[in-house]
Amino acid sequence: MLDIKLFRTNPELIKENIKKKFQDEKLAMVDEVVEKDKAYRDAKTKGDELRASRNKISKQIGALMGQGKKDEAEEVKKQVAAIAQELEDLQALEAKLSEEIRERMLVIPNIIDDSVPIGKDDSENVEVERFGEPVVPDFEVPYHVDIMETFSGIDLDSARRTSGNGFYYLSGDIARLHSAILSYARDFMIDRGFTYYVPPFMIRSDVVTGVMSFSEMENMMYKIEGEDLYLIGTSEHSMIGKFINTFLNEEELPQTLTSYSPCFRKEVGSHGIEERGVYRIHQFEKQEMVVVCKPEDSPKWFVQLYTNTVDFFRSLDIPVRTLECCSGDLADLKVKSIDVEAWSPRQQKYFEVGSCSNLGDAQARRLGIRVRDQENGNYFPHTLNNTVVAPPRMLIAFLENNIDAEGNVAIPEPLRMYMGGKDKLVPKK
């Protein structure tokens with residue numbers, strides 16, 4: 001959510017930003033916010049004037065009564081009552097205008113960084129850098145579900161019976177590998193100075209609207225029927241929500257947090273064969289990283305966050321690349337975003353395994369997160385988030401990049417301590 005002062009001083013900047021994001025249908029909202037904000041301030045000014053007038057003439061009542069001028073005192077009481085009614089009407093108008101302004105401001109996109117490439121959708125995202133050499137083996141790499149089945153490691157049919165499409169059972173070495181990757185990711189981030197958390201897996205609606213846009217909410221979140229609770233789509237939601245309506249001291253910044261959680265997503269829409277199996281699912285687990293910092297420090301932390309993911313994947317010998325998200329592919333709250341994509345030898349292309357985002361002060365404004373600064377005045381911090389790893393999708397990249405012609409899967413050294421010392425998995429089928 002943008003600062004209302006920006007609507008008052010530079011509405012054209014907001015409109016230009018909306019055009020860069022190809023959301024021209026929202027242009028009229030800027031003028032509506034400006035108009036309603038003026039009406040709100042006028043009502044507030046009038047209300048202040050009426051309160052001052054009421055206080056002034058109220059003092060006359062006692063004096064008139066003391067002088068025995070009862071009739072005149074009664075007339076003054078009528079004036080006070082009329083002012084009280086007018087004030088009540090003005091307060092109702094202020095509340096109505098305030099809500100209408102907020103409704104519009106919540107859907108007007110954040111101002112994107114000047115470095116963001118302009119484009120309509122993800123087809124116009126821009127590759128930044130590659131890490132590791134993509135390898136295409138001289139044998140056919142099987143589909144990831146077929147690989148898992150050779151280890152008796154996945155059961156989609158049973159999951160369909162219990163839960164429907166988009167769910168899975170993992171078992172044996174594949175389930176252990178899944179947990180090993182998460183355990184390694186946890187320790188990897190702790191070693192980089194992040195504090196480990198396991199957060200609530202459900203959050204209230206005021207947190208949901210504080211951390212994400214309405215369109216994301218409708219397409220992602222599952223609501224608990226009959227309660228003001230939603231299942232989280234990522235632990236970023238509850239980790240940023242942790243600071244709702246709080247003041248942080250500057251010496252407490254930056255807050256560098258890493259969190260584990262299951263994630264639940266609707267994943268609306270149909271997908272191709274490569275996105276079946278465990279690529280795009282309703283339930284998965286993830287290790288996340290979150291930073292709350294001073295505004296001037298957020299560009300530095302943005303680079304550090306996606307570098308952490310690159311380093312994590314490279315420590316497992318998985319080739320990756322970074323991809324700058326264009327303006328049309330950015331969610332409304334984001335200032336800048338970079339995806340990390342892993343190499344798929346089967347598809348001979350990269351696919352997304354993580355996304356790093358700088359949200360500026362948008363989430364802090366929505367959630368009322370402020371930093372105390374006695375010298376320069378309190379301010380809103382910047383918030384950032386990034387995926388460390390999200391199996392089972394990451395398992396696709398791992399299995400494809402570590403399988404050999406006989407179907408064995410090599411276990412890189414960093415994972416062996418979590419896999420009972422095993423250096424490879426041997427198919428059972």
# chains A, B, ... in the order shown; residues from 1 in each chain; ligands from 1
call {"tool": "residues_around", "arguments": {"residues": "region 8-14 of chain A", "least_positions_apart": "3", "cutoff": "10 Å", "atoms": "only C-alpha atoms", "output": "PyMOL selection string"}}
result
chain A and resi 2-5+17-20+27+30-31+33-35+37-38+108-111
call {"tool": "write_last_selection", "arguments": {"atoms": "C-alpha atoms", "output": "PDB file, in the first residue's frame"}}
result
ATOM      1  CA  LEU A   2       1.409   3.373  -1.021  1.00  0.00           C
ATOM      2  CA  ASP A   3       1.798   6.434   1.183  1.00  0.00           C
ATOM      3  CA  ILE A   4      -1.291   8.666   0.891  1.00  0.00           C
ATOM      4  CA  LYS A   5       1.108  11.632   0.619  1.00  0.00           C
ATOM      5  CA  ASN A  17       3.630   2.886 -12.617  1.00  0.00           C
ATOM      6  CA  ILE A  18       0.190   1.343 -13.235  1.00  0.00           C
ATOM      7  CA  LYS A  19       0.790   1.631 -16.987  1.00  0.00           C
ATOM      8  CA  LYS A  20       4.177  -0.084 -16.632  1.00  0.00           C
ATOM      9  CA  LEU A  27      -5.927   4.293 -13.503  1.00  0.00           C
ATOM     10  CA  VAL A  30      -5.899   7.099  -8.524  1.00  0.00           C
ATOM     11  CA  ASP A  31      -8.194  10.060  -9.236  1.00  0.00           C
ATOM     12  CA  VAL A  33      -8.358   8.264  -4.103  1.00  0.00           C
ATOM     13  CA  VAL A  34      -7.253  11.882  -4.621  1.00  0.00           C
ATOM     14  CA  GLU A  35     -10.866  13.091  -4.722  1.00  0.00           C
ATOM     15  CA  ASP A  37      -8.901  12.022   0.258  1.00  0.00           C
ATOM     16  CA  LYS A  38      -9.705  15.712  -0.281  1.00  0.00           C
ATOM     17  CA  ILE A 108      -3.151  -0.090  -6.540  1.00  0.00           C
ATOM     18  CA  PRO A 109       0.282  -1.652  -7.188  1.00  0.00           C
ATOM     19  CA  ASN A 110       3.466  -0.716  -5.380  1.00  0.00           C
ATOM     20  CA  ILE A 111       6.000   1.492  -7.201  1.00  0.00           C
TER      21      ILE A 111
END
call {"tool": "select_by_dssp", "arguments": {"residues": "region 182-224 of chain A", "states": "helix (DSSP H, G or I)", "output": "ChimeraX atom specification"}}
result
/A:182-191,205-211,214-220
call {"tool": "residues_around", "arguments": {"residues": "region 117-132 of chain A", "least_positions_apart": "5", "cutoff": "6 Å", "atoms": "only C-alpha atoms", "output": "list in words"}}
result
Pro319, Val320, Arg321, Thr322, Leu323, Glu324, Cys325, Cys326, Ser327, Gly328 and Asp329 of chain A
call {"tool": "residues_around", "arguments": {"residues": "region 285-294 of chain A", "least_positions_apart": "5", "cutoff": "7 Å", "atoms": "only C-alpha atoms", "output": "list in words"}}
result
Leu182, Ala185, Arg186, Ser235, Glu236, Leu253, Pro254, Gln255, Thr256, Leu257, Thr258, Ser259, Tyr260, Ser261, Pro262, Cys263, Pro381, His382, Thr383, Leu384, Asn385, Asn386, Thr387, Val388, Val389, Ala390 and Pro391 of chain A
call {"tool": "write_last_selection", "arguments": {"atoms": "N, CA, C and O atoms", "output": "short mmCIF file (atom, residue, chain, number, x, y, z; two decimals), in the first residue's frame"}}
result
data_model
loop_
_atom_site.label_atom_id
_atom_site.label_comp_id
_atom_site.auth_asym_id
_atom_site.auth_seq_id
_atom_site.Cartn_x
_atom_site.Cartn_y
_atom_site.Cartn_z
N LEU A 182 15.22 -30.74 3.50
CA LEU A 182 14.71 -29.69 4.40
C LEU A 182 15.61 -29.50 5.60
O LEU A 182 15.86 -28.37 6.05
N ALA A 185 18.65 -27.65 4.47
CA ALA A 185 18.31 -26.24 4.22
C ALA A 185 18.20 -25.47 5.53
O ALA A 185 18.66 -24.32 5.63
N ARG A 186 17.59 -26.08 6.53
CA ARG A 186 17.49 -25.44 7.85
C ARG A 186 18.88 -25.09 8.40
O ARG A 186 19.15 -23.96 8.78
N SER A 235 5.39 -19.81 4.60
CA SER A 235 5.60 -19.34 5.97
C SER A 235 5.93 -17.86 6.02
O SER A 235 5.87 -17.24 7.10
N GLU A 236 6.27 -17.26 4.88
CA GLU A 236 6.44 -15.79 4.85
C GLU A 236 5.22 -15.09 5.42
O GLU A 236 5.33 -14.07 6.11
N LEU A 253 17.16 -4.24 14.12
CA LEU A 253 17.24 -4.50 12.69
C LEU A 253 18.67 -4.80 12.27
O LEU A 253 19.61 -4.26 12.83
N PRO A 254 18.85 -5.66 11.25
CA PRO A 254 17.80 -6.38 10.54
C PRO A 254 17.32 -7.61 11.31
O PRO A 254 18.07 -8.20 12.07
N GLN A 255 16.07 -7.97 11.08
CA GLN A 255 15.54 -9.24 11.54
C GLN A 255 15.78 -10.24 10.40
O GLN A 255 15.28 -10.07 9.30
N THR A 256 16.59 -11.26 10.66
CA THR A 256 16.90 -12.26 9.64
C THR A 256 16.38 -13.62 10.13
O THR A 256 16.91 -14.18 11.09
N LEU A 257 15.35 -14.11 9.48
CA LEU A 257 14.62 -15.27 9.96
C LEU A 257 14.55 -16.34 8.88
O LEU A 257 14.41 -16.03 7.69
N THR A 258 14.62 -17.59 9.28
CA THR A 258 14.39 -18.70 8.35
C THR A 258 13.37 -19.63 8.97
O THR A 258 13.43 -19.93 10.17
N SER A 259 12.39 -20.04 8.20
CA SER A 259 11.25 -20.76 8.77
C SER A 259 10.87 -21.96 7.93
O SER A 259 10.90 -21.93 6.71
N TYR A 260 10.47 -23.02 8.65
CA TYR A 260 9.94 -24.22 8.00
C TYR A 260 8.42 -24.22 8.14
O TYR A 260 7.87 -23.85 9.18
N SER A 261 7.73 -24.69 7.10
CA SER A 261 6.29 -24.90 7.22
C SER A 261 5.80 -25.77 6.08
O SER A 261 6.40 -25.81 5.00
N PRO A 262 4.67 -26.46 6.31
CA PRO A 262 3.91 -26.95 5.16
C PRO A 262 3.23 -25.76 4.50
O PRO A 262 3.03 -24.73 5.14
N CYS A 263 2.92 -25.88 3.23
CA CYS A 263 2.27 -24.81 2.48
C CYS A 263 1.06 -25.39 1.77
O CYS A 263 1.12 -26.51 1.26
N PRO A 381 9.61 -0.18 8.05
CA PRO A 381 10.75 -0.93 7.52
C PRO A 381 10.41 -1.58 6.18
O PRO A 381 9.25 -1.63 5.78
N HIS A 382 11.43 -2.10 5.49
CA HIS A 382 11.22 -2.89 4.28
C HIS A 382 11.21 -4.37 4.65
O HIS A 382 11.87 -4.79 5.61
N THR A 383 10.43 -5.14 3.90
CA THR A 383 10.38 -6.59 4.11
C THR A 383 10.77 -7.31 2.83
O THR A 383 10.46 -6.86 1.73
N LEU A 384 11.49 -8.41 2.99
CA LEU A 384 11.93 -9.23 1.85
C LEU A 384 11.71 -10.69 2.20
O LEU A 384 11.71 -11.09 3.38
N ASN A 385 11.53 -11.51 1.18
CA ASN A 385 11.41 -12.94 1.40
C ASN A 385 11.99 -13.71 0.22
O ASN A 385 12.09 -13.18 -0.88
N ASN A 386 12.36 -14.94 0.48
CA ASN A 386 12.91 -15.78 -0.58
C ASN A 386 12.80 -17.24 -0.17
O ASN A 386 12.85 -17.59 1.01
N THR A 387 12.64 -18.10 -1.16
CA THR A 387 12.61 -19.54 -0.94
C THR A 387 14.03 -20.07 -0.81
O THR A 387 14.87 -19.81 -1.67
N VAL A 388 14.29 -20.82 0.26
CA VAL A 388 15.55 -21.58 0.31
C VAL A 388 15.37 -22.81 -0.56
O VAL A 388 16.11 -23.02 -1.52
N VAL A 389 14.37 -23.60 -0.21
CA VAL A 389 14.08 -24.80 -1.01
C VAL A 389 12.65 -25.23 -0.74
O VAL A 389 12.14 -25.03 0.37
N ALA A 390 12.01 -25.80 -1.75
CA ALA A 390 10.62 -26.23 -1.62
C ALA A 390 10.45 -27.62 -2.22
O ALA A 390 10.01 -27.77 -3.36
N PRO A 391 10.84 -28.67 -1.46
CA PRO A 391 10.49 -30.00 -1.95
C PRO A 391 8.99 -30.23 -1.72
O PRO A 391 8.40 -29.57 -0.86
#
call {"tool": "closest_residue", "arguments": {"among": "A:Met29, A:Gly368, A:Lys44, A:Phe243", "to": "Glu100 (chain A)", "atoms": "only C-alpha atoms"}}
result
A:Met29
call {"tool": "residues_around", "arguments": {"residues": "Leu87 (chain A)", "least_positions_apart": "6", "cutoff": "10 Å", "atoms": "only C-alpha atoms", "output": "number ranges by chain"}}
result
A: 43-44, 46-51, 54, 81, 93
call {"tool": "select_by_dssp", "arguments": {"residues": "region 188-385 of chain A", "states": "strand (DSSP E)", "output": "PyMOL selection string"}}
result
chain A and resi 195-197+202-203+222-223+230-231+247-249+255-264+283-293+320-324+336-344+349-358+370-372+382-385
call {"tool": "residues_around", "arguments": {"residues": "Asn401 (chain A)", "least_positions_apart": "5", "cutoff": "10 Å", "atoms": "only C-alpha atoms", "output": "list in words"}}
result
Pro134, Val135, Val136, Pro137, Val141, Leu316, Asp317, Ile318, Pro319, Ala342, Trp343, Ser344, Pro345, Arg346, Leu395, Ile396, Val409 and Ala410 of chain A
call {"tool": "closest_residue", "arguments": {"among": "A:Leu415, A:Val208, A:Met148, A:Val353", "to": "Ile174 (chain A)", "atoms": "only C-alpha atoms"}}
result
A:Met148
call {"tool": "closest_residue", "arguments": {"among": "A:Ile112, A:Ile83, A:Met239, A:Ala331", "to": "Ser215 (chain A)", "atoms": "only C-alpha atoms"}}
result
A:Ala331
call {"tool": "atom_distance", "arguments": {"atom1": "CA of Arg161 (chain A)", "atom2": "CA of Gly233 (chain A)"}}
result
23.4 Å
call {"tool": "decode", "arguments": {"residues": "region 377-389 of chain A", "atoms": "N, CA, C and O atoms", "output": "mmCIF file, in the first residue's frame"}}
result
data_model
loop_
_atom_site.group_PDB
_atom_site.id
_atom_site.type_symbol
_atom_site.label_atom_id
_atom_site.label_comp_id
_atom_site.auth_asym_id
_atom_site.auth_seq_id
_atom_site.Cartn_x
_atom_site.Cartn_y
_atom_site.Cartn_z
ATOM 1 N N GLY A 377 12.057 10.554 13.430
ATOM 2 C CA GLY A 377 10.663 10.149 13.369
ATOM 3 C C GLY A 377 10.514 8.678 13.014
ATOM 4 O O GLY A 377 11.358 8.096 12.325
ATOM 5 N N ASN A 378 9.450 8.053 13.478
ATOM 6 C CA ASN A 378 9.210 6.636 13.210
ATOM 7 C C ASN A 378 9.004 6.396 11.714
ATOM 8 O O ASN A 378 8.542 7.273 10.988
ATOM 9 N N TYR A 379 9.344 5.201 11.262
ATOM 10 C CA TYR A 379 9.209 4.888 9.839
ATOM 11 C C TYR A 379 8.826 3.422 9.654
ATOM 12 O O TYR A 379 8.896 2.614 10.586
ATOM 13 N N PHE A 380 8.405 3.096 8.425
ATOM 14 C CA PHE A 380 8.055 1.721 8.067
ATOM 15 C C PHE A 380 9.299 1.008 7.528
ATOM 16 O O PHE A 380 9.969 1.526 6.633
ATOM 17 N N PRO A 381 9.614 -0.180 8.047
ATOM 18 C CA PRO A 381 10.752 -0.934 7.516
ATOM 19 C C PRO A 381 10.411 -1.585 6.178
ATOM 20 O O PRO A 381 9.250 -1.629 5.778
ATOM 21 N N HIS A 382 11.429 -2.100 5.492
ATOM 22 C CA HIS A 382 11.223 -2.888 4.283
ATOM 23 C C HIS A 382 11.206 -4.371 4.654
ATOM 24 O O HIS A 382 11.867 -4.794 5.606
ATOM 25 N N THR A 383 10.432 -5.144 3.900
ATOM 26 C CA THR A 383 10.379 -6.590 4.114
ATOM 27 C C THR A 383 10.772 -7.308 2.829
ATOM 28 O O THR A 383 10.458 -6.858 1.731
ATOM 29 N N LEU A 384 11.491 -8.412 2.991
ATOM 30 C CA LEU A 384 11.927 -9.230 1.854
ATOM 31 C C LEU A 384 11.705 -10.691 2.201
ATOM 32 O O LEU A 384 11.711 -11.085 3.379
ATOM 33 N N ASN A 385 11.531 -11.507 1.181
ATOM 34 C CA ASN A 385 11.410 -12.944 1.404
ATOM 35 C C ASN A 385 11.990 -13.707 0.225
ATOM 36 O O ASN A 385 12.093 -13.183 -0.884
ATOM 37 N N ASN A 386 12.360 -14.941 0.482
ATOM 38 C CA ASN A 386 12.913 -15.783 -0.580
ATOM 39 C C ASN A 386 12.800 -17.244 -0.173
ATOM 40 O O ASN A 386 12.849 -17.587 1.007
ATOM 41 N N THR A 387 12.639 -18.100 -1.156
ATOM 42 C CA THR A 387 12.606 -19.543 -0.936
ATOM 43 C C THR A 387 14.027 -20.074 -0.808
ATOM 44 O O THR A 387 14.870 -19.812 -1.672
ATOM 45 N N VAL A 388 14.293 -20.817 0.260
ATOM 46 C CA VAL A 388 15.549 -21.577 0.314
ATOM 47 C C VAL A 388 15.374 -22.811 -0.563
ATOM 48 O O VAL A 388 16.111 -23.021 -1.520
ATOM 49 N N VAL A 389 14.374 -23.603 -0.214
ATOM 50 C CA VAL A 389 14.084 -24.799 -1.008
ATOM 51 C C VAL A 389 12.650 -25.231 -0.736
ATOM 52 O O VAL A 389 12.136 -25.027 0.365
#
